[in-house]
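Have a look at the structure below before the remarks.
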Amino acid sequence: MSSRGILANVVGPVAALAIIVGIAALLGSYAQYVLALVIVHCLIGAALVMIVGYARVIMLAAGAMLAIGAYGSTISITRAGLPYPLALACAALLGAGAGVLLAVPASRFRGHHLAMATMVFQILVVIGIREWTDVTGGALGLRTPAPSFGSLTITADLSNLALIAGAAVPALLFLAVLLAGSFGKMLRAASASEIACEAFGVDTSRMRVAAFAFSSAVVAYAGAVLAPRVRILDPDSFDITRSVIMLGYPIVGGMSSLWGGLIGGALLQLAPELLRPVGRYQEIILAVFVIAVMLALPGGLMGLVGSFAPPPRRRPGASDARMRLPTSTRPARRTAAGTALALSEVQKSYDAVRAVDGVTLQIESGVMHGLIGPNGAGKTTLFNVVSGFVPPDGGTVKLFGKNIESQPARTRIAHGMTRTFQNVAIFPELSCVDNVLIGLGENSVWQTSRASFAEIFGSLRTRERIHAAEAALGAVGLDAHALAAAGSLSLGNQRRLELARAIVSEPRLILLDEPVAGVSHEEEKELSELLRLLNRERGMTMLIIEHNIAFVRALCDTVSVMAAGRLIAQGKFEAVIGLPVVRHHYFGDPNAARA
Amino acid sequence: MRDLSQLPLLLLGGLRIGAIYALSAIGLVVIHKATRTVNFAHGGFIMLGCYGAYVGVERLHIPYWTVYLVVPLAVGAFAAALEFSLLRRLRSADAFSSVITTVFISILLTELARLVFESDVLNVPTFIALPPILLRPIVLTWETVWIIVGALACGMLGAYVFARAGVGRAMRAMAASVRGAQLCGYSVDAVNAQAWLLGGALAGLAGVFVAPRFGVSPDIAFATIIPAFVAAILGGFDSLKGAILGGLLLGIVETLTAAYLSGALKNALAMLILLLVLLFKPEGLFPERRIRHV
């Protein structure tokens, strides 16, 4: 992360807290009480940015998580006699556990089903609190003790405010670092295109579980921090309406950075105070406000601020958009030898349709192999079997001698195989360089979390990775766009970006699904040149699906022809293309004899 | 614990509430099928139906049967207006935005109701005030008969409109492929408005049926949206028949649980069913057809 990024996303929020405390010190005790609540809700907003904004989950269980933290810490103090700081930690752990529990359904379904699952969780927790009267006090409520350290009990409003702000700092830093670093980028990537993520070794469900756990831990922690201030906990103050209003925090503030959650939380928590003269209309105004933001300001209030910021600068010196092979310091890694990919009797049916019907195919290392055939011949299904998105019904797939047909897509990158997609699958919100970084691997929850913290201290590893990504972008002629959002590129450039992502890890085998569809003639020649260079100098084996016959002819050493799920011909381009069976099936030549 | 002689009465009670759940769920499914939006404001629409019934019967003193006609039309028109004025603009955004918007519309409706009518539970008389039928050992009230028969008939009528009428064909075409339906000359705008009109009307109707039973209060919104979701999910969320069966099943199971086990469990039961079905049978217990995942 750049030093400006650290300043804006990590130091800034903490400075904002300090400013709030400073202002509060000058105000009366009621204002101090209100601002203490504001800080807690800023923290909640920040936590919700992770789950709502980055993981794109409609989280309707924030109230339940808050309750778990508040009740958990209070009970651990009053019943188990835990000291206050330990009770806070205990609440965070409980929240993380509840988050993991809630994430179990998240690995099974998405969108509105997941929203309903969180709503179910919310309602079950409130019912649980109401019914488990021995421990929670049920509907009568539970009295919370004032925070105390040994014999020192904190009662004054200003001391409470300082305590809350102090407690908020570590949680806020934790969120800020994760959101601004690799973890946050990976989370956004996972919610933008699960398929592309899986192809590059990201376990998207684990990513989502982690997001649930981290964000719930912080919300529960906020509940524990809040508990002493509300004096009596009662189940009604943690109900679904509360959850919905908290869902509004990241929406109103903006979902693309920590700041959105802070601003949304502060604003919606302050609103009842500001709207006191129209007390009866508070919730109505709030709901109208959120709906208005949804309609008019999709980026929230922070989006409004961001629209005045200057666009990312173009790199000086990066001018032409021509593709070229990077002048890598690394020598060509390997000489190609052996069989790269061996398919044997691969079968895949969809109901009665045999999409792939007993395909046996062997591709030697270092070869450029074209796969052609009419639409619906089963080429893409075959690609999906090889890249692990579709389990085959039968047959074996060997990649560099290892059987991989039963392994999921995300294992492929470790075997040295990457792919591009027929319909480009980039991560539109991320910059080009971040898109390519994901292609480098090391994408697990643990690795990205660790990297997020390492980036703050400017790790060498991170710098190396960025150099590799920039080199790959340079290779496809996108270095001028390195900092631009991938979604803002033209289709041709998005295809180049996919290619950069596919080659950056220096894979041994690349599957290219229609790499020049929708690309101009000029770009097609450049792309052809680049692929040839990658093949000759880096020894990358390539399997290419393409309808552009001239492109295939110029590029590929050998071709296979598929029709109706079967392999009907294989060999050198010139030899294969003249065969009557190919002429009949692919070019629809009526004079060609049926084989 | 009650003895088993109560069982027939309990079953009837279960069917009665189940029929209302079914009617609520059908509206939800109609809107989802045609527009791919899950309407979290559906409970709010049902609540509007309740207040409509209260205002019509208790304040304006119009004949009770006209309430059954006017209120659904009004709620349907309101739903279509919401689609037209708010949700239409979000169609190009992702489903995320429109779902969140319906969540806040629901809050808005509940709070408006709280503002206008206060939080008190208002009462609406039963539709048929005749002495109950005595079929030993069962005491069958006309209200029970009316709700079971009437709500189910209305639900089926709604399902029939969706399945058979020209409007329905357009909606189903849209559900299968928006682009394809457009190419065949259907207007997305018109179909979406019609789906919200039909779905809203069914919700309003459910509100009129539920008003004498539950009493009228802002809490109706969240009290009805959950069973409607559960019933719809039991049916696979896209099956009208499934929603009817799911509603009836939920009503019966809930009533029996409350009678033989505990009231608290009854509240949690719908949630647990929802969670279990989502986890283990996401296609529902009564799926319309096998869905091919590609």
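In the structure tokens, the first chain shown is A, the next is B, and so on; residue numbers restart at 1 for each chain, and ligands run from 1 in the order shown.
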
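The residue set within 10 Å of segment 173-188 of chain B, counting only C-alpha atoms and dropping same-chain residues fewer than 5 places from it, reads Ile31, His32, Lys33, Ala34, Thr35, Arg36, Arg88, Val167, Gly168, Ala193, Gln194 and Asp238 of chain B.
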
Quick one: which chain A residues come within 9 Å of chain B, and what is the nearest atom pair for each with the distance in Å to one decimal, counting only C-alpha atoms, rows ordered by chain and ascending number, as JSON lines?
{"residue": "A:Arg56", "atom": "CA", "partner": "B:Phe96", "partner_atom": "CA", "distance": 7.6}
{"residue": "A:Val57", "atom": "CA", "partner": "B:Phe96", "partner_atom": "CA", "distance": 8.2}
{"residue": "A:Ile58", "atom": "CA", "partner": "B:Phe96", "partner_atom": "CA", "distance": 7.3}
{"residue": "A:Val104", "atom": "CA", "partner": "B:Leu279", "partner_atom": "CA", "distance": 8.7}
{"residue": "A:Pro105", "atom": "CA", "partner": "B:Leu279", "partner_atom": "CA", "distance": 6.2}
{"residue": "A:Arg108", "atom": "CA", "partner": "B:Leu279", "partner_atom": "CA", "distance": 6.9}
{"residue": "A:Phe109", "atom": "CA", "partner": "B:Leu278", "partner_atom": "CA", "distance": 8.1}
{"residue": "A:Gly111", "atom": "CA", "partner": "B:Phe96", "partner_atom": "CA", "distance": 7.1}
{"residue": "A:His112", "atom": "CA", "partner": "B:Val38", "partner_atom": "CA", "distance": 6.7}
{"residue": "A:His113", "atom": "CA", "partner": "B:Leu278", "partner_atom": "CA", "distance": 7.5}
{"residue": "A:Leu114", "atom": "CA", "partner": "B:Leu278", "partner_atom": "CA", "distance": 9.0}
{"residue": "A:Met116", "atom": "CA", "partner": "B:Phe229", "partner_atom": "CA", "distance": 8.2}
{"residue": "A:Ala117", "atom": "CA", "partner": "B:Leu275", "partner_atom": "CA", "distance": 6.4}
{"residue": "A:Met119", "atom": "CA", "partner": "B:Met271", "partner_atom": "CA", "distance": 8.9}
{"residue": "A:Val120", "atom": "CA", "partner": "B:Met271", "partner_atom": "CA", "distance": 5.4}
{"residue": "A:Phe121", "atom": "CA", "partner": "B:Met271", "partner_atom": "CA", "distance": 8.0}
{"residue": "A:Ile123", "atom": "CA", "partner": "B:Met271", "partner_atom": "CA", "distance": 7.7}
{"residue": "A:Leu124", "atom": "CA", "partner": "B:Ala268", "partner_atom": "CA", "distance": 6.2}
{"residue": "A:Ile127", "atom": "CA", "partner": "B:Ala268", "partner_atom": "CA", "distance": 7.1}
{"residue": "A:Gly128", "atom": "CA", "partner": "B:Ala268", "partner_atom": "CA", "distance": 8.7}
{"residue": "A:Glu131", "atom": "CA", "partner": "B:Ala264", "partner_atom": "CA", "distance": 7.3}
{"residue": "A:Ile240", "atom": "CA", "partner": "B:Phe222", "partner_atom": "CA", "distance": 8.9}
{"residue": "A:Thr241", "atom": "CA", "partner": "B:Ile107", "partner_atom": "CA", "distance": 7.3}
{"residue": "A:Val244", "atom": "CA", "partner": "B:Val103", "partner_atom": "CA", "distance": 7.4}
{"residue": "A:Ile245", "atom": "CA", "partner": "B:Phe104", "partner_atom": "CA", "distance": 8.4}
{"residue": "A:Leu247", "atom": "CA", "partner": "B:Ile100", "partner_atom": "CA", "distance": 8.6}
{"residue": "A:Gly248", "atom": "CA", "partner": "B:Phe104", "partner_atom": "CA", "distance": 8.6}
{"residue": "A:Arg280", "atom": "CA", "partner": "B:Leu115", "partner_atom": "CA", "distance": 7.0}
{"residue": "A:Tyr281", "atom": "CA", "partner": "B:Leu115", "partner_atom": "CA", "distance": 7.6}
{"residue": "A:Glu283", "atom": "CA", "partner": "B:Glu111", "partner_atom": "CA", "distance": 6.6}
{"residue": "A:Ile284", "atom": "CA", "partner": "B:Leu108", "partner_atom": "CA", "distance": 5.4}
{"residue": "A:Ile285", "atom": "CA", "partner": "B:Leu108", "partner_atom": "CA", "distance": 8.4}
{"residue": "A:Leu286", "atom": "CA", "partner": "B:Leu108", "partner_atom": "CA", "distance": 8.5}
{"residue": "A:Ala287", "atom": "CA", "partner": "B:Phe104", "partner_atom": "CA", "distance": 5.5}
{"residue": "A:Val288", "atom": "CA", "partner": "B:Leu108", "partner_atom": "CA", "distance": 7.1}
{"residue": "A:Val290", "atom": "CA", "partner": "B:Phe104", "partner_atom": "CA", "distance": 7.3}
{"residue": "A:Ile291", "atom": "CA", "partner": "B:Thr101", "partner_atom": "CA", "distance": 5.9}
{"residue": "A:Met294", "atom": "CA", "partner": "B:Ser97", "partner_atom": "CA", "distance": 6.9}
{"residue": "A:Leu295", "atom": "CA", "partner": "B:Leu90", "partner_atom": "CA", "distance": 6.9}
{"residue": "A:Pro298", "atom": "CA", "partner": "B:Ser97", "partner_atom": "CA", "distance": 8.6}
{"residue": "A:Tyr350", "atom": "CA", "partner": "B:Arg292", "partner_atom": "CA", "distance": 8.2}
{"residue": "A:Asp351", "atom": "CA", "partner": "B:Arg292", "partner_atom": "CA", "distance": 8.6}
{"residue": "A:Val390", "atom": "CA", "partner": "B:Val294", "partner_atom": "CA", "distance": 8.7}

Selected residues written out with N, CA and C atoms, as a short mmCIF file (atom, residue, chain, number, x, y, z; two decimals), in the first residue's frame:
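Writing the result to result_16.cif gives the following:
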data_model
loop_
_atom_site.label_atom_id
_atom_site.label_comp_id
_atom_site.auth_asym_id
_atom_site.auth_seq_id
_atom_site.Cartn_x
_atom_site.Cartn_y
_atom_site.Cartn_z
N ARG A 56 -20.58 -8.34 -0.14
CA ARG A 56 -21.89 -8.21 -0.77
C ARG A 56 -22.94 -9.15 -0.17
N VAL A 57 -22.99 -9.19 1.16
CA VAL A 57 -24.01 -9.99 1.84
C VAL A 57 -25.01 -9.02 2.46
N ILE A 58 -26.31 -9.28 2.26
CA ILE A 58 -27.32 -8.45 2.92
C ILE A 58 -27.44 -8.94 4.34
N VAL A 104 -22.04 -20.82 7.76
CA VAL A 104 -22.27 -22.17 7.22
C VAL A 104 -23.27 -22.13 6.07
N PRO A 105 -24.45 -21.50 6.28
CA PRO A 105 -25.34 -21.39 5.12
C PRO A 105 -24.72 -20.57 3.99
N ARG A 108 -23.40 -22.32 1.17
CA ARG A 108 -24.35 -23.05 0.32
C ARG A 108 -25.14 -22.13 -0.60
N PHE A 109 -25.49 -20.96 -0.14
CA PHE A 109 -26.29 -20.12 -1.01
C PHE A 109 -25.92 -18.66 -0.94
N GLY A 111 -27.10 -14.32 -2.21
CA GLY A 111 -28.16 -13.36 -2.47
C GLY A 111 -29.26 -13.39 -1.44
N HIS A 112 -30.52 -13.43 -1.93
CA HIS A 112 -31.62 -13.26 -1.00
C HIS A 112 -31.78 -14.44 -0.06
N HIS A 113 -31.37 -15.64 -0.49
CA HIS A 113 -31.45 -16.77 0.43
C HIS A 113 -30.55 -16.54 1.64
N LEU A 114 -29.39 -15.99 1.37
CA LEU A 114 -28.45 -15.70 2.45
C LEU A 114 -29.01 -14.59 3.35
N MET A 116 -32.08 -14.06 3.95
CA MET A 116 -33.08 -14.68 4.81
C MET A 116 -32.44 -15.48 5.92
N ALA A 117 -31.34 -16.17 5.60
CA ALA A 117 -30.66 -16.95 6.64
C ALA A 117 -30.17 -16.02 7.75
N MET A 119 -31.52 -13.24 8.58
CA MET A 119 -32.72 -12.78 9.28
C MET A 119 -33.17 -13.85 10.28
N VAL A 120 -33.12 -15.12 9.83
CA VAL A 120 -33.48 -16.23 10.71
C VAL A 120 -32.59 -16.22 11.94
N PHE A 121 -31.29 -16.06 11.72
CA PHE A 121 -30.34 -16.05 12.82
C PHE A 121 -30.68 -14.93 13.79
N ILE A 123 -33.54 -13.46 14.35
CA ILE A 123 -34.77 -13.67 15.11
C ILE A 123 -34.58 -14.78 16.14
N LEU A 124 -33.82 -15.83 15.76
CA LEU A 124 -33.58 -16.92 16.72
C LEU A 124 -32.80 -16.42 17.93
N ILE A 127 -35.18 -14.51 20.17
CA ILE A 127 -36.06 -15.45 20.87
C ILE A 127 -35.29 -16.14 21.99
N GLY A 128 -34.06 -16.54 21.67
CA GLY A 128 -33.22 -17.21 22.66
C GLY A 128 -33.01 -16.35 23.90
N GLU A 131 -36.19 -16.15 25.93
CA GLU A 131 -36.63 -17.38 26.60
C GLU A 131 -35.67 -17.86 27.69
N ILE A 240 -34.84 -6.96 14.92
CA ILE A 240 -34.60 -6.91 13.48
C ILE A 240 -34.62 -5.47 12.95
N THR A 241 -35.47 -4.63 13.54
CA THR A 241 -35.51 -3.23 13.09
C THR A 241 -34.16 -2.56 13.29
N VAL A 244 -31.82 -3.71 10.65
CA VAL A 244 -32.05 -3.07 9.36
C VAL A 244 -31.44 -1.67 9.36
N ILE A 245 -31.62 -0.96 10.47
CA ILE A 245 -31.04 0.39 10.52
C ILE A 245 -29.52 0.32 10.44
N LEU A 247 -27.87 -1.98 8.92
CA LEU A 247 -27.57 -2.28 7.51
C LEU A 247 -27.45 -0.99 6.71
N GLY A 248 -28.20 0.03 7.17
CA GLY A 248 -28.15 1.31 6.48
C GLY A 248 -26.81 2.04 6.62
N ARG A 280 -41.14 11.90 16.44
CA ARG A 280 -42.02 10.83 15.96
C ARG A 280 -41.69 10.41 14.55
N TYR A 281 -40.98 11.26 13.82
CA TYR A 281 -40.73 10.94 12.42
C TYR A 281 -39.35 10.35 12.17
N GLU A 283 -37.65 7.41 12.50
CA GLU A 283 -37.43 6.20 11.69
C GLU A 283 -37.86 6.41 10.26
N ILE A 284 -38.96 7.17 10.10
CA ILE A 284 -39.47 7.41 8.75
C ILE A 284 -38.45 8.20 7.94
N ILE A 285 -37.93 9.25 8.57
CA ILE A 285 -36.93 10.07 7.86
C ILE A 285 -35.71 9.23 7.52
N LEU A 286 -35.33 8.38 8.48
CA LEU A 286 -34.18 7.51 8.27
C LEU A 286 -34.40 6.59 7.07
N ALA A 287 -35.57 5.94 7.03
CA ALA A 287 -35.85 5.00 5.94
C ALA A 287 -35.90 5.74 4.60
N VAL A 288 -36.54 6.90 4.59
CA VAL A 288 -36.61 7.68 3.35
C VAL A 288 -35.21 8.07 2.90
N VAL A 290 -32.36 6.52 3.53
CA VAL A 290 -31.62 5.38 2.99
C VAL A 290 -32.10 5.07 1.57
N ILE A 291 -33.43 5.08 1.36
CA ILE A 291 -33.96 4.78 0.03
C ILE A 291 -33.47 5.83 -0.97
N MET A 294 -29.97 5.05 -1.89
CA MET A 294 -29.94 3.90 -2.81
C MET A 294 -30.21 4.37 -4.24
N LEU A 295 -31.20 5.26 -4.37
CA LEU A 295 -31.62 5.67 -5.71
C LEU A 295 -30.65 6.67 -6.33
N PRO A 298 -25.51 5.75 -5.44
CA PRO A 298 -25.16 4.34 -5.24
C PRO A 298 -23.84 4.17 -4.48
N TYR A 350 -25.32 -33.52 -19.97
CA TYR A 350 -26.35 -32.73 -19.31
C TYR A 350 -27.68 -33.34 -19.70
N ASP A 351 -28.32 -34.00 -18.76
CA ASP A 351 -29.53 -34.76 -19.07
C ASP A 351 -29.25 -35.66 -20.26
N VAL A 390 -16.35 -28.25 -13.95
CA VAL A 390 -17.38 -29.25 -14.18
C VAL A 390 -16.75 -30.60 -13.93
#

What are the DSSP alpha helix (DSSP H) residues of segment 40-223 of chain B, as a ChimeraX atom specification? /B:42-54,64-85,95-117,142-146,152-164,166-176,178-183,188-214,220-223

Gly27 of chain B surroundings by only C-alpha atoms, 12 Å radius, close-in-sequence under 4 positions cut, as JSON, numbers by chain: {"B": [20, 21, 22, 23, 31, 32, 33, 34, 37, 38, 39, 40, 41, 42, 43, 45, 46, 72, 75, 76, 79, 154, 155, 156, 157, 158, 159, 161, 162, 194, 195, 196, 197, 198, 199, 200, 201, 202, 203, 204, 205, 206, 207, 225, 228, 229, 231, 232, 237, 238, 239, 240, 243, 244]}

Separation of atom CA of Gly378 of chain A from atom CA of Ala355 of chain A in Å: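 Rounded to one decimal, the two atoms are 5.0 Å apart.
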
Neighbours of segment 519-536 of chain A within 9 Å (only C-alpha atoms; same-chain residues fewer than 2 positions away dropped), as a list in words?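 Here the answer would be Arg322, Met323, Arg324, Leu325, Gly366, Val367, Met368, Ala475, Val476, Leu491, Gly492, Asn493, Arg495, Arg496, Ile503, Pro515, Val516, Ala517, Arg538, Gly539, Met540, Thr541, Met542, Phe551, Ala554 and Leu555 of chain A.
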
A:Val126, A:Leu178, A:Val581, A:Leu35: which is nearest Ala18 of chain A, counting only C-alpha atoms?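 Among A:Val126, A:Leu178, A:Val581, A:Leu35, it is A:Leu35 that comes nearest to Ala18 of chain A.
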
Can you tell me which residues surround Val386 of chain A at a distance of at most 8 Å, considering only C-alpha atoms, apart from same-chain residues fewer than 3 positions away, and format the answer as a list in words?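 That gives Leu382, Phe383, Phe389, Val397 and Glu405 of chain A.
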
Got time to write the residues from that selection, C-alpha atoms, as a short mmCIF file (atom, residue, chain, number, x, y, z; two decimals), in the first residue's frame?
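So the final result, stored in again.cif, reads:
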data_model
loop_
_atom_site.label_atom_id
_atom_site.label_comp_id
_atom_site.auth_asym_id
_atom_site.auth_seq_id
_atom_site.Cartn_x
_atom_site.Cartn_y
_atom_site.Cartn_z
CA LEU A 382 -14.21 -29.79 -22.23
CA PHE A 383 -12.32 -26.70 -21.01
CA PHE A 389 -15.42 -26.24 -12.97
CA VAL A 397 -7.64 -35.96 -16.81
CA GLU A 405 -10.30 -34.87 -12.55
#
